[in-house]
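Peer 1: My structure is stored as upload_2.cif, with mmCIF, C-alpha atoms.
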```cif
data_model
loop_
_atom_site.group_PDB
_atom_site.id
_atom_site.type_symbol
_atom_site.label_atom_id
_atom_site.label_comp_id
_atom_site.auth_asym_id
_atom_site.auth_seq_id
_atom_site.Cartn_x
_atom_site.Cartn_y
_atom_site.Cartn_z
ATOM 1 C CA MET A 30 -111.973 -140.447 -125.699
ATOM 2 C CA LYS A 31 -114.678 -137.964 -126.609
ATOM 3 C CA ARG A 32 -117.651 -140.257 -127.018
ATOM 4 C CA LYS A 33 -121.425 -140.060 -126.651
ATOM 5 C CA ASN A 34 -123.608 -142.821 -125.219
ATOM 6 C CA ARG A 35 -125.192 -144.667 -128.117
ATOM 7 C CA PHE A 36 -127.386 -147.699 -128.760
ATOM 8 C CA PHE A 37 -125.823 -150.828 -130.269
ATOM 9 C CA ILE A 38 -127.836 -151.184 -133.442
ATOM 10 C CA GLY A 39 -126.842 -151.787 -137.067
ATOM 11 C CA VAL A 40 -125.834 -149.158 -139.611
ATOM 12 C CA ALA A 41 -123.817 -148.829 -142.772
ATOM 13 C CA VAL A 42 -123.256 -147.483 -146.170
ATOM 14 C CA ALA A 43 -120.624 -148.240 -148.908
ATOM 15 C CA ALA A 44 -120.728 -148.648 -152.838
ATOM 16 C CA LEU A 45 -120.905 -151.291 -155.704
ATOM 17 C CA THR A 46 -122.939 -154.458 -156.171
ATOM 18 C CA VAL A 47 -121.884 -158.005 -155.469
ATOM 19 C CA SER A 48 -123.543 -160.658 -153.324
ATOM 20 C CA ALA A 49 -122.193 -162.694 -150.419
ATOM 21 C CA SER A 50 -123.198 -163.882 -146.966
ATOM 22 C CA ALA A 51 -124.366 -161.310 -144.469
ATOM 23 C CA GLY A 52 -122.395 -162.255 -141.401
ATOM 24 C CA CYS A 53 -118.764 -162.280 -142.481
ATOM 25 C CA GLY A 54 -117.608 -158.679 -142.158
ATOM 26 C CA ASN A 55 -116.569 -158.444 -138.531
ATOM 27 C CA ASP A 56 -113.210 -160.179 -138.804
ATOM 28 C CA ASP A 57 -111.894 -157.692 -141.366
ATOM 29 C CA ALA A 58 -111.421 -154.659 -139.128
ATOM 30 C CA THR A 59 -107.907 -153.467 -138.432
ATOM 31 C CA VAL A 60 -106.935 -150.779 -135.940
ATOM 32 C CA ASP A 61 -104.428 -147.984 -136.441
ATOM 33 C CA SER A 62 -102.935 -146.452 -133.309
ATOM 34 C CA GLY A 63 -104.178 -142.931 -132.668
ATOM 35 C CA GLY A 64 -103.934 -140.129 -130.175
ATOM 36 C CA GLN A 65 -105.209 -140.934 -126.678
ATOM 37 C CA GLU A 66 -107.288 -137.761 -126.597
ATOM 38 C CA GLY A 67 -108.607 -138.001 -130.144
ATOM 39 C CA TYR A 68 -111.709 -139.511 -131.675
ATOM 40 C CA ARG A 69 -112.265 -143.153 -132.496
ATOM 41 C CA ILE A 70 -113.552 -143.357 -136.060
ATOM 42 C CA GLY A 71 -114.574 -146.355 -138.138
ATOM 43 C CA PHE A 72 -113.919 -146.452 -141.860
ATOM 44 C CA VAL A 73 -115.916 -148.977 -143.914
ATOM 45 C CA ASN A 74 -114.390 -149.164 -147.379
ATOM 46 C CA GLY A 75 -116.360 -150.488 -150.330
ATOM 47 C CA ASN A 76 -113.891 -152.556 -152.319
ATOM 48 C CA THR A 77 -110.247 -153.360 -153.050
ATOM 49 C CA ILE A 78 -109.768 -151.850 -156.509
ATOM 50 C CA GLN A 79 -107.226 -149.066 -156.975
ATOM 51 C CA PHE A 80 -109.604 -146.218 -156.148
ATOM 52 C CA HIS A 81 -110.485 -147.821 -152.818
ATOM 53 C CA THR A 82 -106.933 -148.727 -151.858
ATOM 54 C CA CYS A 83 -105.826 -145.150 -152.548
ATOM 55 C CA LEU A 84 -108.797 -143.812 -150.585
ATOM 56 C CA GLU A 85 -107.917 -145.985 -147.604
ATOM 57 C CA LYS A 86 -104.275 -144.939 -147.749
ATOM 58 C CA SER A 87 -105.325 -141.301 -147.618
ATOM 59 C CA VAL A 88 -107.808 -141.859 -144.774
ATOM 60 C CA ARG A 89 -105.162 -143.676 -142.726
ATOM 61 C CA ALA A 90 -102.527 -140.991 -143.277
ATOM 62 C CA GLN A 91 -104.849 -138.122 -142.402
ATOM 63 C CA ALA A 92 -106.196 -139.933 -139.336
ATOM 64 C CA GLU A 93 -102.660 -140.370 -138.055
ATOM 65 C CA ALA A 94 -101.909 -136.711 -138.694
ATOM 66 C CA LYS A 95 -105.029 -135.700 -136.734
ATOM 67 C CA GLY A 96 -104.406 -138.036 -133.791
ATOM 68 C CA VAL A 97 -107.483 -140.119 -134.635
ATOM 69 C CA GLU A 98 -107.794 -143.777 -133.690
ATOM 70 C CA LEU A 99 -108.980 -145.467 -136.878
ATOM 71 C CA LEU A 100 -110.748 -148.808 -137.283
ATOM 72 C CA VAL A 101 -110.860 -150.068 -140.877
ATOM 73 C CA ALA A 102 -112.990 -152.750 -142.537
ATOM 74 C CA ASN A 103 -113.546 -153.616 -146.200
ATOM 75 C CA SER A 104 -116.853 -154.764 -147.661
ATOM 76 C CA ALA A 105 -115.326 -156.257 -150.840
ATOM 77 C CA GLY A 106 -118.205 -154.947 -152.943
ATOM 78 C CA ASP A 107 -120.827 -156.805 -150.893
ATOM 79 C CA PRO A 108 -123.716 -154.773 -149.403
ATOM 80 C CA ALA A 109 -124.444 -157.456 -146.784
ATOM 81 C CA LYS A 110 -120.845 -157.490 -145.646
ATOM 82 C CA GLU A 111 -120.944 -153.709 -145.464
ATOM 83 C CA ILE A 112 -123.868 -153.883 -143.053
ATOM 84 C CA SER A 113 -122.002 -156.390 -140.914
ATOM 85 C CA ASN A 114 -118.907 -154.189 -140.902
ATOM 86 C CA VAL A 115 -120.858 -151.108 -139.833
ATOM 87 C CA GLU A 116 -122.719 -152.999 -137.129
ATOM 88 C CA ASP A 117 -119.338 -154.085 -135.795
ATOM 89 C CA MET A 118 -118.182 -150.453 -135.726
ATOM 90 C CA ILE A 119 -121.242 -149.558 -133.657
ATOM 91 C CA ILE A 120 -120.527 -152.359 -131.198
ATOM 92 C CA LYS A 121 -116.999 -150.981 -130.848
ATOM 93 C CA GLN A 122 -118.499 -147.610 -129.858
ATOM 94 C CA VAL A 123 -116.833 -145.474 -132.483
ATOM 95 C CA ASP A 124 -117.537 -141.760 -132.442
ATOM 96 C CA ALA A 125 -118.457 -141.751 -136.132
ATOM 97 C CA ILE A 126 -118.430 -144.033 -139.164
ATOM 98 C CA ILE A 127 -117.082 -143.043 -142.560
ATOM 99 C CA VAL A 128 -118.536 -145.162 -145.356
ATOM 100 C CA GLN A 129 -117.544 -145.586 -148.994
ATOM 101 C CA THR A 130 -120.794 -147.060 -150.187
ATOM 102 C CA VAL A 131 -121.399 -150.225 -152.183
ATOM 103 C CA ASN A 132 -124.736 -149.123 -153.618
ATOM 104 C CA ILE A 133 -127.401 -146.502 -153.144
ATOM 105 C CA ASP A 134 -130.015 -148.911 -151.785
ATOM 106 C CA ALA A 135 -127.646 -150.070 -149.065
ATOM 107 C CA GLN A 136 -126.702 -146.474 -148.344
ATOM 108 C CA GLN A 137 -130.251 -145.379 -147.619
ATOM 109 C CA GLY A 138 -131.030 -148.318 -145.376
ATOM 110 C CA ASP A 139 -127.794 -148.017 -143.519
ATOM 111 C CA VAL A 140 -128.158 -144.307 -142.862
ATOM 112 C CA ASP A 141 -131.530 -145.117 -141.314
ATOM 113 C CA ARG A 142 -129.859 -147.704 -139.085
ATOM 114 C CA ALA A 143 -127.152 -145.231 -138.097
ATOM 115 C CA ASN A 144 -129.767 -142.682 -137.102
ATOM 116 C CA ARG A 145 -131.584 -145.211 -134.919
ATOM 117 C CA ALA A 146 -128.281 -146.119 -133.266
ATOM 118 C CA ASP A 147 -127.446 -142.428 -132.711
ATOM 119 C CA VAL A 148 -124.083 -142.896 -134.427
ATOM 120 C CA PRO A 149 -122.958 -140.062 -136.732
ATOM 121 C CA ILE A 150 -122.317 -141.317 -140.257
ATOM 122 C CA PHE A 151 -120.215 -139.593 -142.896
ATOM 123 C CA LEU A 152 -120.390 -140.537 -146.585
ATOM 124 C CA THR A 153 -117.687 -140.450 -149.237
ATOM 125 C CA SER A 154 -118.022 -140.248 -153.034
ATOM 126 C CA VAL A 155 -121.823 -140.565 -153.245
ATOM 127 C CA ALA A 156 -124.445 -139.193 -150.838
ATOM 128 C CA ALA A 157 -127.888 -140.031 -152.197
ATOM 129 C CA VAL A 158 -129.684 -139.379 -148.911
ATOM 130 C CA ASP A 159 -131.289 -136.557 -146.939
ATOM 131 C CA PRO A 160 -128.356 -134.378 -145.725
ATOM 132 C CA ASN A 161 -130.157 -133.918 -142.407
ATOM 133 C CA LYS A 162 -129.632 -137.626 -141.671
ATOM 134 C CA ILE A 163 -125.848 -137.621 -141.943
ATOM 135 C CA LEU A 164 -122.961 -135.976 -140.139
ATOM 136 C CA GLY A 165 -121.623 -134.867 -143.513
ATOM 137 C CA ALA A 166 -120.182 -135.996 -146.832
ATOM 138 C CA ALA A 167 -117.212 -135.581 -149.148
ATOM 139 C CA THR A 168 -118.558 -136.354 -152.598
ATOM 140 C CA THR A 169 -117.564 -136.544 -156.214
ATOM 141 C CA ASP A 170 -120.038 -135.340 -158.814
ATOM 142 C CA VAL A 171 -119.937 -138.412 -161.020
ATOM 143 C CA GLU A 172 -122.902 -137.213 -163.066
ATOM 144 C CA HIS A 173 -120.962 -134.050 -163.893
ATOM 145 C CA ALA A 174 -117.900 -136.175 -164.719
ATOM 146 C CA GLY A 175 -119.983 -138.158 -167.191
ATOM 147 C CA ALA A 176 -121.326 -134.931 -168.648
ATOM 148 C CA LEU A 177 -117.805 -133.543 -169.171
ATOM 149 C CA LEU A 178 -116.860 -136.641 -171.142
ATOM 150 C CA GLY A 179 -120.105 -136.505 -173.114
ATOM 151 C CA GLN A 180 -119.365 -132.890 -173.999
ATOM 152 C CA TRP A 181 -115.865 -133.832 -175.108
ATOM 153 C CA VAL A 182 -117.259 -136.547 -177.380
ATOM 154 C CA ALA A 183 -119.865 -134.130 -178.762
ATOM 155 C CA GLU A 184 -117.244 -131.499 -179.565
ATOM 156 C CA ASP A 185 -114.756 -134.014 -180.950
ATOM 157 C CA GLY A 186 -117.354 -135.580 -183.230
ATOM 158 C CA GLY A 187 -118.730 -132.288 -184.492
ATOM 159 C CA GLN A 188 -121.958 -132.712 -186.397
ATOM 160 C CA GLU A 189 -121.116 -136.184 -187.663
ATOM 161 C CA PRO A 190 -123.273 -139.126 -186.524
ATOM 162 C CA ALA A 191 -121.431 -141.628 -184.367
ATOM 163 C CA GLU A 192 -122.096 -144.938 -182.628
ATOM 164 C CA ILE A 193 -120.953 -144.975 -179.008
ATOM 165 C CA ALA A 194 -120.499 -147.802 -176.505
ATOM 166 C CA ILE A 195 -120.379 -147.795 -172.710
ATOM 167 C CA ILE A 196 -118.560 -150.321 -170.525
ATOM 168 C CA GLY A 197 -119.850 -149.613 -167.028
ATOM 169 C CA GLY A 198 -118.807 -150.453 -163.508
ATOM 170 C CA ALA A 199 -121.714 -152.042 -161.659
ATOM 171 C CA PRO A 200 -125.381 -151.055 -161.884
ATOM 172 C CA GLY A 201 -126.452 -148.620 -159.187
ATOM 173 C CA ALA A 202 -124.773 -145.770 -157.329
ATOM 174 C CA SER A 203 -122.064 -143.980 -159.276
ATOM 175 C CA ALA A 204 -122.339 -145.994 -162.507
ATOM 176 C CA ASP A 205 -125.936 -144.954 -163.202
ATOM 177 C CA LEU A 206 -125.152 -141.312 -162.507
ATOM 178 C CA MET A 207 -122.120 -141.370 -164.821
ATOM 179 C CA ASN A 208 -124.235 -142.748 -167.655
ATOM 180 C CA LYS A 209 -126.996 -140.207 -167.073
ATOM 181 C CA GLY A 210 -124.618 -137.262 -167.362
ATOM 182 C CA PHE A 211 -122.748 -138.725 -170.318
ATOM 183 C CA LYS A 212 -125.801 -139.482 -172.428
ATOM 184 C CA ALA A 213 -127.426 -136.120 -171.760
ATOM 185 C CA ALA A 214 -124.358 -134.268 -173.055
ATOM 186 C CA LEU A 215 -123.890 -136.135 -176.348
ATOM 187 C CA GLY A 216 -124.425 -134.312 -179.614
ATOM 188 C CA ASP A 217 -127.176 -134.754 -182.168
ATOM 189 C CA GLY A 218 -126.654 -137.926 -184.162
ATOM 190 C CA GLN A 219 -124.434 -139.481 -181.501
ATOM 191 C CA GLN A 220 -126.096 -142.625 -180.226
ATOM 192 C CA VAL A 221 -125.247 -145.131 -177.513
ATOM 193 C CA VAL A 222 -125.752 -148.496 -179.205
ATOM 194 C CA PHE A 223 -124.071 -150.762 -176.646
ATOM 195 C CA GLU A 224 -124.043 -150.661 -172.850
ATOM 196 C CA GLN A 225 -122.844 -153.413 -170.520
ATOM 197 C CA PRO A 226 -121.283 -153.492 -167.024
ATOM 198 C CA ALA A 227 -117.900 -155.074 -166.363
ATOM 199 C CA LEU A 228 -118.088 -154.856 -162.543
ATOM 200 C CA TRP A 229 -114.993 -152.640 -162.311
ATOM 201 C CA GLN A 230 -112.777 -155.555 -163.435
ATOM 202 C CA ARG A 231 -110.086 -155.210 -166.121
ATOM 203 C CA ALA A 232 -110.383 -158.782 -167.408
ATOM 204 C CA LYS A 233 -114.169 -158.549 -167.567
ATOM 205 C CA ALA A 234 -113.920 -155.247 -169.459
ATOM 206 C CA GLN A 235 -111.653 -156.874 -172.033
ATOM 207 C CA GLU A 236 -114.201 -159.652 -172.505
ATOM 208 C CA VAL A 237 -117.059 -157.158 -172.842
ATOM 209 C CA ALA A 238 -115.074 -155.127 -175.374
ATOM 210 C CA GLU A 239 -114.384 -158.236 -177.463
ATOM 211 C CA ASN A 240 -118.108 -158.959 -177.605
ATOM 212 C CA LEU A 241 -118.815 -155.313 -178.369
ATOM 213 C CA LEU A 242 -116.538 -155.314 -181.412
ATOM 214 C CA GLN A 243 -118.123 -158.430 -182.834
ATOM 215 C CA GLY A 244 -121.653 -157.080 -182.624
ATOM 216 C CA ASN A 245 -121.016 -153.372 -183.220
ATOM 217 C CA PRO A 246 -118.117 -152.863 -185.625
ATOM 218 C CA GLY A 247 -119.151 -149.250 -186.342
ATOM 219 C CA ILE A 248 -118.265 -147.938 -182.866
ATOM 220 C CA LYS A 249 -116.319 -144.656 -182.871
ATOM 221 C CA TYR A 250 -116.202 -143.816 -179.146
ATOM 222 C CA LEU A 251 -116.015 -145.958 -176.020
ATOM 223 C CA PHE A 252 -116.852 -144.619 -172.543
ATOM 224 C CA VAL A 253 -115.351 -146.831 -169.813
ATOM 225 C CA HIS A 254 -116.163 -146.075 -166.175
ATOM 226 C CA ASN A 255 -112.642 -146.330 -164.821
ATOM 227 C CA GLU A 256 -109.125 -146.480 -166.177
ATOM 228 C CA ASP A 257 -108.395 -150.019 -165.027
ATOM 229 C CA MET A 258 -111.299 -151.301 -167.127
ATOM 230 C CA ALA A 259 -110.232 -148.963 -169.920
ATOM 231 C CA PHE A 260 -106.917 -150.803 -170.135
ATOM 232 C CA GLY A 261 -108.788 -154.095 -170.431
ATOM 233 C CA ALA A 262 -110.878 -152.644 -173.253
ATOM 234 C CA LEU A 263 -107.733 -151.248 -174.862
ATOM 235 C CA SER A 264 -106.254 -154.750 -175.012
ATOM 236 C CA ALA A 265 -109.299 -155.931 -176.954
ATOM 237 C CA LEU A 266 -109.094 -152.969 -179.343
ATOM 238 C CA ARG A 267 -105.416 -153.610 -180.030
ATOM 239 C CA ALA A 268 -106.028 -157.291 -180.716
ATOM 240 C CA ALA A 269 -108.705 -156.297 -183.240
ATOM 241 C CA ASN A 270 -106.527 -153.556 -184.814
ATOM 242 C CA ARG A 271 -109.118 -150.938 -183.860
ATOM 243 C CA ASP A 272 -106.968 -147.976 -182.938
ATOM 244 C CA ASP A 273 -109.608 -145.750 -184.577
ATOM 245 C CA ILE A 274 -111.916 -146.049 -181.552
ATOM 246 C CA LYS A 275 -111.440 -143.249 -179.014
ATOM 247 C CA ILE A 276 -111.616 -144.128 -175.309
ATOM 248 C CA VAL A 277 -112.822 -141.728 -172.613
ATOM 249 C CA THR A 278 -112.777 -142.687 -168.949
ATOM 250 C CA ILE A 279 -112.507 -141.559 -165.310
ATOM 251 C CA ASN A 280 -109.796 -141.559 -162.602
ATOM 252 C CA GLY A 281 -106.585 -139.668 -163.344
ATOM 253 C CA THR A 282 -104.152 -142.374 -162.175
ATOM 254 C CA ASP A 283 -100.475 -142.276 -163.125
ATOM 255 C CA ASP A 284 -101.059 -145.072 -165.655
ATOM 256 C CA GLY A 285 -104.089 -143.286 -167.054
ATOM 257 C CA LEU A 286 -102.167 -140.047 -167.517
ATOM 258 C CA ALA A 287 -99.352 -141.937 -169.246
ATOM 259 C CA ALA A 288 -101.932 -143.423 -171.625
ATOM 260 C CA ILE A 289 -103.203 -139.911 -172.364
ATOM 261 C CA ARG A 290 -99.657 -138.820 -173.241
ATOM 262 C CA ASP A 291 -99.235 -141.853 -175.502
ATOM 263 C CA GLY A 292 -102.539 -141.272 -177.272
ATOM 264 C CA GLN A 293 -104.047 -144.571 -176.090
ATOM 265 C CA ILE A 294 -106.779 -142.804 -174.119
ATOM 266 C CA SER A 295 -108.321 -139.596 -175.432
ATOM 267 C CA ALA A 296 -109.723 -138.082 -172.238
ATOM 268 C CA THR A 297 -110.142 -138.828 -168.545
ATOM 269 C CA ILE A 298 -111.673 -137.101 -165.550
ATOM 270 C CA SER A 299 -109.396 -136.520 -162.580
ATOM 271 C CA GLN A 300 -111.158 -137.394 -159.290
ATOM 272 C CA PRO A 301 -108.367 -138.116 -156.804
ATOM 273 C CA PRO A 302 -109.314 -140.341 -153.845
ATOM 274 C CA ARG A 303 -106.350 -138.748 -152.070
ATOM 275 C CA LEU A 304 -108.403 -135.565 -151.707
ATOM 276 C CA ILE A 305 -111.548 -137.436 -150.656
ATOM 277 C CA GLY A 306 -109.755 -139.217 -147.815
ATOM 278 C CA GLU A 307 -108.097 -136.072 -146.509
ATOM 279 C CA MET A 308 -111.314 -134.097 -146.680
ATOM 280 C CA ALA A 309 -113.331 -136.856 -144.968
ATOM 281 C CA ILE A 310 -111.111 -137.075 -141.877
ATOM 282 C CA ASP A 311 -110.745 -133.302 -141.565
ATOM 283 C CA ALA A 312 -114.487 -132.791 -141.873
ATOM 284 C CA VAL A 313 -115.451 -135.543 -139.427
ATOM 285 C CA VAL A 314 -113.097 -134.170 -136.764
ATOM 286 C CA SER A 315 -114.365 -130.620 -137.301
ATOM 287 C CA LEU A 316 -118.037 -131.613 -137.268
ATOM 288 C CA LEU A 317 -117.635 -133.792 -134.170
ATOM 289 C CA ASP A 318 -115.827 -130.928 -132.437
ATOM 290 C CA ALA A 319 -118.785 -128.676 -133.239
ATOM 291 C CA GLU A 320 -121.232 -131.243 -131.815
ATOM 292 C CA ASN A 321 -119.141 -131.419 -128.640
ATOM 293 C CA GLY A 322 -119.079 -127.653 -128.112
ATOM 294 C CA GLY A 323 -115.810 -126.796 -129.812
ATOM 295 C CA SER A 324 -115.200 -123.184 -130.696
ATOM 296 C CA GLY A 325 -113.056 -123.629 -133.782
ATOM 297 C CA PRO A 326 -114.170 -123.194 -137.400
ATOM 298 C CA THR A 327 -116.594 -125.855 -138.595
ATOM 299 C CA ALA A 328 -116.226 -127.635 -141.927
ATOM 300 C CA PRO A 329 -119.126 -127.456 -144.390
ATOM 301 C CA LYS A 330 -121.548 -130.328 -143.929
ATOM 302 C CA VAL A 331 -121.264 -131.453 -147.548
ATOM 303 C CA GLN A 332 -118.173 -130.796 -149.637
ATOM 304 C CA GLN A 333 -117.465 -131.728 -153.226
ATOM 305 C CA ILE A 334 -114.159 -132.850 -154.706
ATOM 306 C CA PRO A 335 -113.355 -130.783 -157.806
ATOM 307 C CA ASP A 336 -113.150 -132.784 -161.012
ATOM 308 C CA GLN A 337 -111.118 -131.872 -164.083
ATOM 309 C CA LEU A 338 -111.207 -132.985 -167.706
ATOM 310 C CA ILE A 339 -107.732 -134.183 -168.675
ATOM 311 C CA THR A 340 -106.595 -134.472 -172.294
ATOM 312 C CA ALA A 341 -103.239 -134.300 -174.041
ATOM 313 C CA SER A 342 -103.396 -130.510 -173.832
ATOM 314 C CA ASN A 343 -103.330 -130.324 -170.012
ATOM 315 C CA VAL A 344 -102.131 -133.743 -168.854
ATOM 316 C CA ASP A 345 -99.034 -132.303 -167.171
ATOM 317 C CA GLN A 346 -101.253 -130.210 -164.864
ATOM 318 C CA ALA A 347 -103.296 -133.146 -163.575
ATOM 319 C CA PRO A 348 -103.448 -133.445 -159.740
ATOM 320 C CA GLN A 349 -101.845 -136.316 -157.809
ATOM 321 C CA TYR A 350 -104.176 -139.322 -157.652
ATOM 322 C CA CYS A 351 -102.765 -141.348 -154.761
ATOM 323 C CA LEU A 352 -100.342 -140.814 -151.891
#
```
Show the structure stored in the file as structure tokens.
Peer 2:
Amino acid sequence: MKRKNRFFIGVAVAALTVSASAGCGNDDATVDSGGQEGYRIGFVNGNTIQFHTCLEKSVRAQAEAKGVELLVANSAGDPAKEISNVEDMIIKQVDAIIVQTVNIDAQQGDVDRANRADVPIFLTSVAAVDPNKILGAATTDVEHAGALLGQWVAEDGGQEPAEIAIIGGAPGASADLMNKGFKAALGDGQQVVFEQPALWQRAKAQEVAENLLQGNPGIKYLFVHNEDMAFGALSALRAANRDDIKIVTINGTDDGLAAIRDGQISATISQPPRLIGEMAIDAVVSLLDAENGGSGPTAPKVQQIPDQLITASNVDQAPQYCL
């Protein structure tokens, strides 16, 4: 194993908000077999929703292809569990930790811990920290994704005033950035009159949408932070016979693309976790090689996954979401 001497101190970073006890993450790690001469890398995933399961599948597949020994733990949306998981990775003397963060506050604190432990840390999806403090990152520009959807709503609505609602994921990290980009891109006269998180859960999104319709019957557009929640909201709209409300969302899953074709969803942003996972493993291996005196080409420190607005006009060109 290529491994530096490091201190056994805590570190972490992942994404979403939920609360739970701080000491229960260490039993979750699983180990994939890897090449005897490769790196030992820890992957701390943030949750178990479709995005995260697809991300993990991609990370595992690329690690195997690269001869990397991979240790995997899941934080289940809990920042405290994330910290415990990352501390466990440090104890196991991994060469680097890849983290899909639970929230930005946890990310900052955990990067600081990683630095003190002298363990390289690599971030996926969101990297709201000083780039000098991390090994690297493979990110999605969720603020830009929100802006693309806001622009679509602005163009679709023309100059007409419109009431708009947002069903968000969880406060913090990506959700706040999505909303910032979306709101800034809306047209004159378009106003967000309802905004409530549904914690990335389909059933919760359906409940939120039911409440939305009761209090705001004039809604014309609904921005939902992922497609799974969008389907929950769609159930509420159907039950209320409100097929006049246009839904815009983010993901680009097979089910989401089918809903675009059927006219149930008006627009989505393709941000495939398949690409994030592949890029993360490739970059970590390249950057560690560079630290250890390798002579091969070095990956950029921070890379961004391209996003794409998908509507009925280009749905057949959408990239593959999951392996």
Peer 1: Give me the residues near Glu236 of chain A as number ranges by chain, where near means some atom within 12 Å (using all atoms listed in the file) and where sequence neighbours in that chain fewer than 2 positions away do not count.
Peer 2: A: 196, 225-228, 230-234, 238-243, 258-266, 268
Peer 1: Go ahead and save the residues from that selection, with C-alpha atoms, as a short mmCIF file (atom, residue, chain, number, x, y, z; two decimals), in the frame of the given file.
Peer 2:
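Written out: out_18.cif:
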```cif
data_model
loop_
_atom_site.label_atom_id
_atom_site.label_comp_id
_atom_site.auth_asym_id
_atom_site.auth_seq_id
_atom_site.Cartn_x
_atom_site.Cartn_y
_atom_site.Cartn_z
CA ILE A 196 -118.56 -150.32 -170.52
CA GLN A 225 -122.84 -153.41 -170.52
CA PRO A 226 -121.28 -153.49 -167.02
CA ALA A 227 -117.90 -155.07 -166.36
CA LEU A 228 -118.09 -154.86 -162.54
CA GLN A 230 -112.78 -155.56 -163.44
CA ARG A 231 -110.09 -155.21 -166.12
CA ALA A 232 -110.38 -158.78 -167.41
CA LYS A 233 -114.17 -158.55 -167.57
CA ALA A 234 -113.92 -155.25 -169.46
CA ALA A 238 -115.07 -155.13 -175.37
CA GLU A 239 -114.38 -158.24 -177.46
CA ASN A 240 -118.11 -158.96 -177.60
CA LEU A 241 -118.82 -155.31 -178.37
CA LEU A 242 -116.54 -155.31 -181.41
CA GLN A 243 -118.12 -158.43 -182.83
CA MET A 258 -111.30 -151.30 -167.13
CA ALA A 259 -110.23 -148.96 -169.92
CA PHE A 260 -106.92 -150.80 -170.14
CA GLY A 261 -108.79 -154.10 -170.43
CA ALA A 262 -110.88 -152.64 -173.25
CA LEU A 263 -107.73 -151.25 -174.86
CA SER A 264 -106.25 -154.75 -175.01
CA ALA A 265 -109.30 -155.93 -176.95
CA LEU A 266 -109.09 -152.97 -179.34
CA ALA A 268 -106.03 -157.29 -180.72
#
```
Peer 1: Point out the residue among A:Thr153, A:Asn161, A:Asn144, A:Gln219 with the least atom-to-atom distance to Gln332 of chain A, counting all atoms listed in the file.
Peer 2: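 The shortest atom-to-atom distance to Gln332 of chain A comes from A:Thr153.
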Peer 1: Taking the file above as input, evaluate the PyMOL selection byres ((chain A and resi 150) around 7) and report the hits as a PyMOL selection string.
Peer 2: chain A and resi 125-127+143+148-149+151-152+163-164
Peer 1: So the first atom is atom CA of Asn114 of chain A and the second is atom CA of Met308 of chain A; what is the distance between them in Å, to one decimal place?
Peer 2: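 Separation between atom CA of Asn114 of chain A and atom CA of Met308 of chain A: 22.2 Å.
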Peer 1: Which residue is closest to Asp284 of chain A? Choose from A:Ile193, A:Ala156, A:Ala309, A:Cys351 and count only C-alpha atoms.
Peer 2: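 Closest candidate: A:Cys351.
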Peer 1: If I take atom CA of Gly175 of chain A and atom CA of Pro335 of chain A, how far is one from the other in Å, to one decimal?
Peer 2: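 Rounded to one decimal, the two atoms are 13.7 Å apart.
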Peer 1: Rank A:Val182, A:Val237, A:Ala191, A:Ala176 by their smallest atom-to-atom distance to Gly210 of chain A, using all atoms listed in the file, and report the top residue only.
Peer 2: A:Ala176
Peer 1: I'd like the interatomic distance between atom CA of Arg267 of chain A and atom CA of Glu184 of chain A, to a tenth of an Å.
Peer 2: 25.1 Å
Peer 1: Have a look at A:Gly71, A:Leu178, A:Leu99, A:Gln137 and name the one nearest to Ile120 of chain A; count only C-alpha atoms.
Peer 2: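 Of all the options, A:Gly71 lies closest to Ile120 of chain A.
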Peer 1: Expand the PyMOL selection byres ((chain A and resi 292-296) around 9) into the individual residues it matches in the shown file, reporting them as a list in words.
Peer 2: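 Selection result, ordered by chain and number: Leu178, Trp181, Ala259, Phe260, Leu263, Asp272, Lys275, Ile276, Val277, Thr278, Ile279, Gly285, Leu286, Ala287, Ala288, Ile289, Arg290, Asp291, Thr297, Ile298, Leu338, Ile339, Thr340 and Ala341 of chain A.
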Peer 1: Mind telling me what the PyMOL selection byres ((chain A and resi 317-326) around 9) catches here, as a list in words?
Peer 2: Lys31, Tyr68, Asp124, Ala125, Pro149, Leu164, Ala312, Val313, Val314, Ser315, Leu316, Thr327 and Ala328 of chain A
Peer 1: Find, counting all atoms listed in the file, the residue in A:Glu116, A:Glu307, A:Asp170, A:Asp159 that gets nearest to Ala146 of chain A.
Peer 2: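 The answer is A:Glu116, which sits nearest to Ala146 of chain A.
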